[in-house]
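Asks: Quick one: structure below, then a few questions.
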Amino acid sequence: MSQARLIDGTALARRSVEDTAKRAAALTETTGTPPCLATVLVGEDPASVTYVRMKQNRCRKAGIESRHVALPAATTTEELVGKLRELSQDPAVHGILLQHPMGEHIDERAAFEAIAPEKDVDGVTFASFATMSFGLPGFVSCTPGGIMRLPDEYDVDPSGKRAVVVGRSAILGKPVGMLLLARDATVTYCHSRTRDLSSVVREADIVVAAVGRPRLIRGADIKPGAVVIDAGYNPGNVGDVDFDSALERASLITPVPGGVGPMTIATLLEQTVDAAARQLGV
């Protein structure tokens, strides 16, 4: 069997952001108001600071205003919730991104729920998960939303296929499984207590690795011809899939980096413009 083709998330994201920039420019011209994304960061975690700066740069390139709110590491849940509610009530802000992790002393769920659903462009609230799961208008979690665009780009229809999601986080594993289910895939969730993980993964036509454990899934675990989407990102630019060995078995595979990551930001920008359009009545 020949080597897998690489899924080029960078190229797809570039086209998506170009389209989003055109929509943002048209919206700004029509309403006189540019779309605005507020980013909120608690503390100075180096990785989080880098991610937020990258998102701000992408916003500027797409014609989206970026308002950054930097809060000290000692910020309490109550203080964070207050700031998020303030941004939710600000008509000049159309989308809110709360960068996580936020520190163990903060109630992350309480913070997320302080974001107004119509501004939850990162898709982290209960409301967003519910509307996404029921196929109603709303915002999807950005990484799962970006993931779902990748198979489409390569003419892979999830309908009828066996999809295995390794990971069950509230903003990645669970929502991507729901999105695959909505596309008529037969979905199995795996996690840290799954017995004989390899045998379950081996049955998958589509594998989504989203567990945060480097090289957990080996090439021998991959069904020949499967589509492998690696949403893991670990130190050293290593994914949750052992890329080299999986390359010999899969038909399509995402590289790390350059696969899922760029589509996450592209989806965030797209949903920010969507949110602005709705709020501005366009």
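By order of appearance in the structure tokens: chains A, B, ..., then residues from 1 within every chain, and ligands from 1 in the order shown.
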What's around segment 67-71 of chain A at 8 Å? Count only C-alpha atoms, leave out sequence neighbours fewer than 2 positions away in its own chain, and write the answer as a PyMOL selection string.
Replies: chain A and resi 36-43+65+73+75
Asks: With a distance cut-off of 9 Å and only C-alpha atoms, select the neighbouring residues of Lys83 of chain A, excluding the residue or stretch itself and same-chain residues fewer than 3 positions from it, and output the selection as a list in words.
Replies: Val40, Val69, Glu78, Glu79, Leu80, Glu86, Leu87, Ser88 and Ala114 of chain A
Asks: For the selection just defined, write its residues with all heavy atoms to a file, as a CSV table (one decimal), in the first residue's frame.
Replies:
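Writing done, so here's result.csv:
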```csv
chain,number,residue,atom,x,y,z
A,40,VAL,N,-9.6,37.1,26.1
A,40,VAL,CA,-9.5,37.2,27.5
A,40,VAL,C,-8.4,36.2,28.0
A,40,VAL,O,-8.6,35.0,27.7
A,40,VAL,CB,-10.8,37.0,28.3
A,40,VAL,CG1,-10.6,37.2,29.8
A,40,VAL,CG2,-11.8,38.0,27.8
A,69,VAL,N,-8.0,41.5,26.6
A,69,VAL,CA,-8.2,41.8,28.1
A,69,VAL,C,-7.2,40.8,28.8
A,69,VAL,O,-7.4,39.6,28.8
A,69,VAL,CB,-9.6,41.5,28.5
A,69,VAL,CG1,-9.8,41.7,30.0
A,69,VAL,CG2,-10.6,42.4,27.7
A,78,GLU,N,-15.1,34.9,40.4
A,78,GLU,CA,-16.1,36.0,40.4
A,78,GLU,C,-15.6,37.2,39.6
A,78,GLU,O,-16.4,37.8,38.8
A,78,GLU,CB,-16.3,36.4,41.9
A,78,GLU,CG,-17.4,37.5,42.0
A,78,GLU,CD,-17.6,37.9,43.5
A,78,GLU,OE1,-16.8,37.5,44.4
A,78,GLU,OE2,-18.6,38.6,43.8
A,79,GLU,N,-14.4,37.6,39.7
A,79,GLU,CA,-13.8,38.7,38.9
A,79,GLU,C,-13.9,38.4,37.4
A,79,GLU,O,-14.2,39.2,36.6
A,79,GLU,CB,-12.4,39.0,39.3
A,79,GLU,CG,-12.3,39.6,40.7
A,79,GLU,CD,-10.9,39.7,41.3
A,79,GLU,OE1,-10.1,38.9,40.8
A,79,GLU,OE2,-10.7,40.5,42.2
A,80,LEU,N,-13.5,37.2,37.0
A,80,LEU,CA,-13.5,36.8,35.6
A,80,LEU,C,-14.9,36.7,35.1
A,80,LEU,O,-15.1,37.2,34.0
A,80,LEU,CB,-12.8,35.4,35.5
A,80,LEU,CG,-12.8,34.8,34.1
A,80,LEU,CD1,-12.0,35.7,33.1
A,80,LEU,CD2,-12.1,33.4,34.1
A,86,GLU,N,-19.5,41.7,31.4
A,86,GLU,CA,-19.3,43.1,30.9
A,86,GLU,C,-19.1,43.1,29.4
A,86,GLU,O,-19.7,43.8,28.6
A,86,GLU,CB,-18.1,43.7,31.6
A,86,GLU,CG,-17.8,45.1,31.2
A,86,GLU,CD,-16.6,45.6,31.9
A,86,GLU,OE1,-16.4,45.4,33.1
A,86,GLU,OE2,-15.7,46.3,31.2
A,87,LEU,N,-18.2,42.2,28.9
A,87,LEU,CA,-18.0,42.1,27.5
A,87,LEU,C,-19.2,41.6,26.7
A,87,LEU,O,-19.5,42.0,25.6
A,87,LEU,CB,-16.8,41.1,27.2
A,87,LEU,CG,-15.4,41.6,27.7
A,87,LEU,CD1,-14.4,40.5,27.6
A,87,LEU,CD2,-14.9,42.8,26.8
A,88,SER,N,-19.9,40.7,27.4
A,88,SER,CA,-21.2,40.1,26.7
A,88,SER,C,-22.2,41.2,26.5
A,88,SER,O,-23.0,41.2,25.6
A,88,SER,CB,-21.8,39.0,27.6
A,88,SER,OG,-20.9,37.9,27.6
A,114,ALA,N,-20.5,32.4,31.5
A,114,ALA,CA,-20.7,33.9,31.6
A,114,ALA,C,-20.7,34.5,30.2
A,114,ALA,O,-21.0,35.7,30.1
A,114,ALA,CB,-19.7,34.5,32.5
```
Asks: Residues at most 9 Å from Thr77 of chain A, counting only C-alpha atoms, excluding those fewer than 2 positions away in the same chain, as a list in words?
Replies: Thr75, Glu79, Leu80, Val81, Gly82, His105, Ile106, Asp107, Glu108, Ala110 and Ala111 of chain A
Asks: Could those residues be written to a file, using N, CA, C and O atoms, as a CSV table (one decimal), in the first residue's frame?
Replies:
```csv
chain,number,residue,atom,x,y,z
A,75,THR,N,-6.6,36.5,39.5
A,75,THR,CA,-8.0,36.8,39.3
A,75,THR,C,-8.9,35.7,39.8
A,75,THR,O,-8.6,34.5,39.5
A,79,GLU,N,-14.4,37.6,39.7
A,79,GLU,CA,-13.8,38.7,38.9
A,79,GLU,C,-13.9,38.4,37.4
A,79,GLU,O,-14.2,39.2,36.6
A,80,LEU,N,-13.5,37.2,37.0
A,80,LEU,CA,-13.5,36.8,35.6
A,80,LEU,C,-14.9,36.7,35.1
A,80,LEU,O,-15.1,37.2,34.0
A,81,VAL,N,-15.8,36.2,35.8
A,81,VAL,CA,-17.2,36.1,35.4
A,81,VAL,C,-17.7,37.5,35.2
A,81,VAL,O,-18.4,37.8,34.2
A,82,GLY,N,-17.4,38.5,36.1
A,82,GLY,CA,-17.8,39.8,35.9
A,82,GLY,C,-17.3,40.5,34.7
A,82,GLY,O,-18.0,41.2,34.0
A,105,HIS,N,-7.5,27.4,40.3
A,105,HIS,CA,-8.4,28.0,41.3
A,105,HIS,C,-9.7,28.6,40.6
A,105,HIS,O,-10.6,29.1,41.3
A,106,ILE,N,-9.7,28.6,39.3
A,106,ILE,CA,-10.9,29.2,38.6
A,106,ILE,C,-11.9,28.1,38.2
A,106,ILE,O,-11.5,27.0,37.7
A,107,ASP,N,-13.1,28.4,38.4
A,107,ASP,CA,-14.2,27.5,38.0
A,107,ASP,C,-14.4,27.7,36.5
A,107,ASP,O,-15.1,28.7,36.1
A,108,GLU,N,-13.8,26.9,35.7
A,108,GLU,CA,-13.7,27.1,34.2
A,108,GLU,C,-15.1,27.1,33.6
A,108,GLU,O,-15.5,27.9,32.8
A,110,ALA,N,-18.0,27.8,35.1
A,110,ALA,CA,-18.7,29.1,35.4
A,110,ALA,C,-18.3,30.2,34.6
A,110,ALA,O,-19.1,31.1,34.1
A,111,ALA,N,-17.0,30.3,34.3
A,111,ALA,CA,-16.4,31.3,33.4
A,111,ALA,C,-17.0,31.2,32.0
A,111,ALA,O,-17.5,32.2,31.4
```
Asks: Show which residues sit within 7 Å of Gln56 of chain A, as a list in words. Count only C-alpha atoms, and ignore same-chain residues fewer than 4 positions away.
Replies: Val52, Arg60 and Ser66 of chain A
Asks: How would the residues just chosen look if you wrote them out with C-alpha atoms as an mmCIF file, in the first residue's frame?
Replies:
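So the final result, stored in again34.cif, reads:
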```cif
data_model
loop_
_atom_site.group_PDB
_atom_site.id
_atom_site.type_symbol
_atom_site.label_atom_id
_atom_site.label_comp_id
_atom_site.auth_asym_id
_atom_site.auth_seq_id
_atom_site.Cartn_x
_atom_site.Cartn_y
_atom_site.Cartn_z
ATOM 1 C CA VAL A 52 -3.594 34.724 21.873
ATOM 2 C CA ARG A 60 -5.953 41.912 11.900
ATOM 3 C CA SER A 66 -9.151 42.520 18.309
#
```
Asks: As a list in words, please: all residues of segment 205-265 of chain A that backbone DSSP puts in alpha helix (DSSP H).
Replies: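 After running DSSP on the backbone, segment 205-265 of chain A has alpha helix (DSSP H) at Phe243, Asp244, Ser245, Ala246, Leu247, Val260, Gly261, Pro262, Met263, Thr264 and Ile265 of chain A.
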Asks: Would you pick out the contacts of segment 216-227 of chain A at 10 Å or less, using only C-alpha atoms, so that residues sharing its chain but fewer than 3 positions from it are not included, and give the list as an mmCIF file with C-alpha atoms, in the first residue's frame?
Replies:
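The resulting file, part_0.cif, is shown below:
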```cif
data_model
loop_
_atom_site.group_PDB
_atom_site.id
_atom_site.type_symbol
_atom_site.label_atom_id
_atom_site.label_comp_id
_atom_site.auth_asym_id
_atom_site.auth_seq_id
_atom_site.Cartn_x
_atom_site.Cartn_y
_atom_site.Cartn_z
ATOM 1 C CA MET A 1 0.000 0.000 0.000
ATOM 2 C CA SER A 2 1.255 3.490 -0.879
ATOM 3 C CA GLN A 3 1.811 6.154 1.731
ATOM 4 C CA ALA A 4 -1.084 8.250 2.933
ATOM 5 C CA ARG A 5 -1.808 11.622 1.381
ATOM 6 C CA ILE A 7 -4.345 16.627 4.634
ATOM 7 C CA PRO A 151 -12.624 15.283 5.161
ATOM 8 C CA VAL A 156 -14.557 11.878 2.277
ATOM 9 C CA ARG A 162 -17.252 3.886 11.533
ATOM 10 C CA ALA A 163 -15.673 6.852 13.329
ATOM 11 C CA VAL A 166 -10.149 9.047 21.152
ATOM 12 C CA LEU A 197 -8.029 0.650 22.745
ATOM 13 C CA SER A 198 -6.021 -0.670 19.817
ATOM 14 C CA SER A 199 -8.691 -3.178 18.808
ATOM 15 C CA VAL A 200 -11.388 -0.470 18.823
ATOM 16 C CA VAL A 201 -9.302 1.976 16.788
ATOM 17 C CA ARG A 202 -8.467 -0.804 14.321
ATOM 18 C CA GLU A 203 -12.141 -0.953 13.275
ATOM 19 C CA ALA A 204 -12.350 2.752 12.408
ATOM 20 C CA ASP A 205 -12.728 4.193 8.934
ATOM 21 C CA ILE A 206 -12.151 7.621 10.479
ATOM 22 C CA VAL A 207 -9.940 8.154 13.529
ATOM 23 C CA VAL A 208 -9.964 11.435 15.449
ATOM 24 C CA ALA A 209 -7.190 11.524 18.052
ATOM 25 C CA VAL A 211 -6.574 12.830 23.970
ATOM 26 C CA GLY A 212 -3.348 14.783 24.576
ATOM 27 C CA ARG A 213 -0.987 11.818 24.874
ATOM 28 C CA ASP A 230 -4.707 14.083 14.726
ATOM 29 C CA GLY A 232 -3.286 16.312 19.562
ATOM 30 C CA GLY A 239 0.633 14.601 17.890
ATOM 31 C CA ASP A 240 -1.410 11.859 19.533
ATOM 32 C CA VAL A 241 -0.704 9.595 16.552
ATOM 33 C CA ASP A 242 2.685 8.106 15.719
ATOM 34 C CA PHE A 243 2.841 9.866 12.376
ATOM 35 C CA ASP A 244 5.576 7.886 10.615
ATOM 36 C CA SER A 245 4.046 4.464 11.229
ATOM 37 C CA ALA A 246 0.462 5.669 10.595
ATOM 38 C CA LEU A 247 1.586 7.152 7.289
ATOM 39 C CA GLU A 248 2.146 3.607 6.015
ATOM 40 C CA ARG A 249 -1.426 2.494 6.804
ATOM 41 C CA ALA A 250 -3.807 5.451 6.417
ATOM 42 C CA SER A 251 -5.180 6.819 3.148
ATOM 43 C CA LEU A 252 -5.288 10.387 4.466
ATOM 44 C CA ILE A 253 -3.602 11.865 7.543
ATOM 45 C CA THR A 254 -3.144 15.290 9.105
#
```
Asks: Which neighbours of Thr30 of chain A fall inside 10 Å, counting only C-alpha atoms, when residues of the same chain fewer than 5 positions from it are skipped, and could you give them as an MDAnalysis selection string?
Replies: chainID A and resid 24:25 280 282
Asks: Please produce a file of those selected residues containing C-alpha atoms, as a compact mmCIF listing (two decimals), in the first residue's frame.
Replies:
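To be explicit, this is the file written out as out08.txt:
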```
# COMPACT_ATOMS: atom_id res chain seq x y z
CA ALA A 24 -15.56 41.23 7.10
CA ALA A 25 -14.73 44.04 4.66
CA LEU A 280 -25.68 44.06 13.33
CA VAL A 282 -27.11 42.02 8.25
```
Asks: Quick one: of A:Ala182, A:Ala231, A:Leu6, A:Leu12, who's nearest to Phe134 of chain A, counting only C-alpha atoms?
Replies: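 Ranking A:Ala182, A:Ala231, A:Leu6, A:Leu12 by distance to Phe134 of chain A, first place goes to A:Ala182.
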Asks: Using only C-alpha atoms, which of the listed residues (A:Ala185, A:Leu136, A:Leu98, A:Cys190) sits closest to Val49 of chain A?
Replies: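 Looking only at the distances to Val49 of chain A, the closest residue turns out to be A:Leu98.
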Asks: Name the residues in contact with Lys119 of chain A at a cut-off of 6 Å, using only C-alpha atoms, excluding same-chain residues fewer than 2 positions from it; report them as a PDB file with C-alpha atoms, in the first residue's frame.
Replies:
```
ATOM      1  CA  HIS A  94     -19.264  40.654  18.727  1.00  0.00           C
ATOM      2  CA  GLY A  95     -17.302  37.602  19.828  1.00  0.00           C
ATOM      3  CA  ILE A  96     -15.515  36.505  22.990  1.00  0.00           C
ATOM      4  CA  ALA A 116     -23.457  35.277  26.066  1.00  0.00           C
ATOM      5  CA  PRO A 117     -24.376  32.472  23.611  1.00  0.00           C
ATOM      6  CA  VAL A 121     -17.645  32.196  18.829  1.00  0.00           C
TER       7      VAL A 121
END
```
Asks: Apply DSSP to the backbone of this structure and, from segment 99-211 of chain A, keep only the residues in strand (DSSP E); write these as number ranges by chain.
Replies: A: 162-166, 186-190, 206-209
Asks: In terms of the shortest atom-to-atom distance over only C-alpha atoms, which of A:Gly177, A:Pro144, A:Gly167, A:Gly258 is closest to Val124 of chain A?
Replies: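 Between A:Gly177, A:Pro144, A:Gly167, A:Gly258, the residue approaching Val124 of chain A most closely is A:Pro144.
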Asks: Could you check how far atom CA of His191 of chain A sits from atom CA of Gly145 of chain A, in Å to one decimal?
Replies: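 Separating atom CA of His191 of chain A from atom CA of Gly145 of chain A is a distance of 20.7 Å.
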Asks: I'd like to know which of A:Pro35, A:Gly135, A:Gly259, A:Pro46 is closest to Arg183 of chain A, using only C-alpha atoms.
Replies: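 Using only C-alpha atoms, the shortest distance to Arg183 of chain A belongs to A:Gly135.
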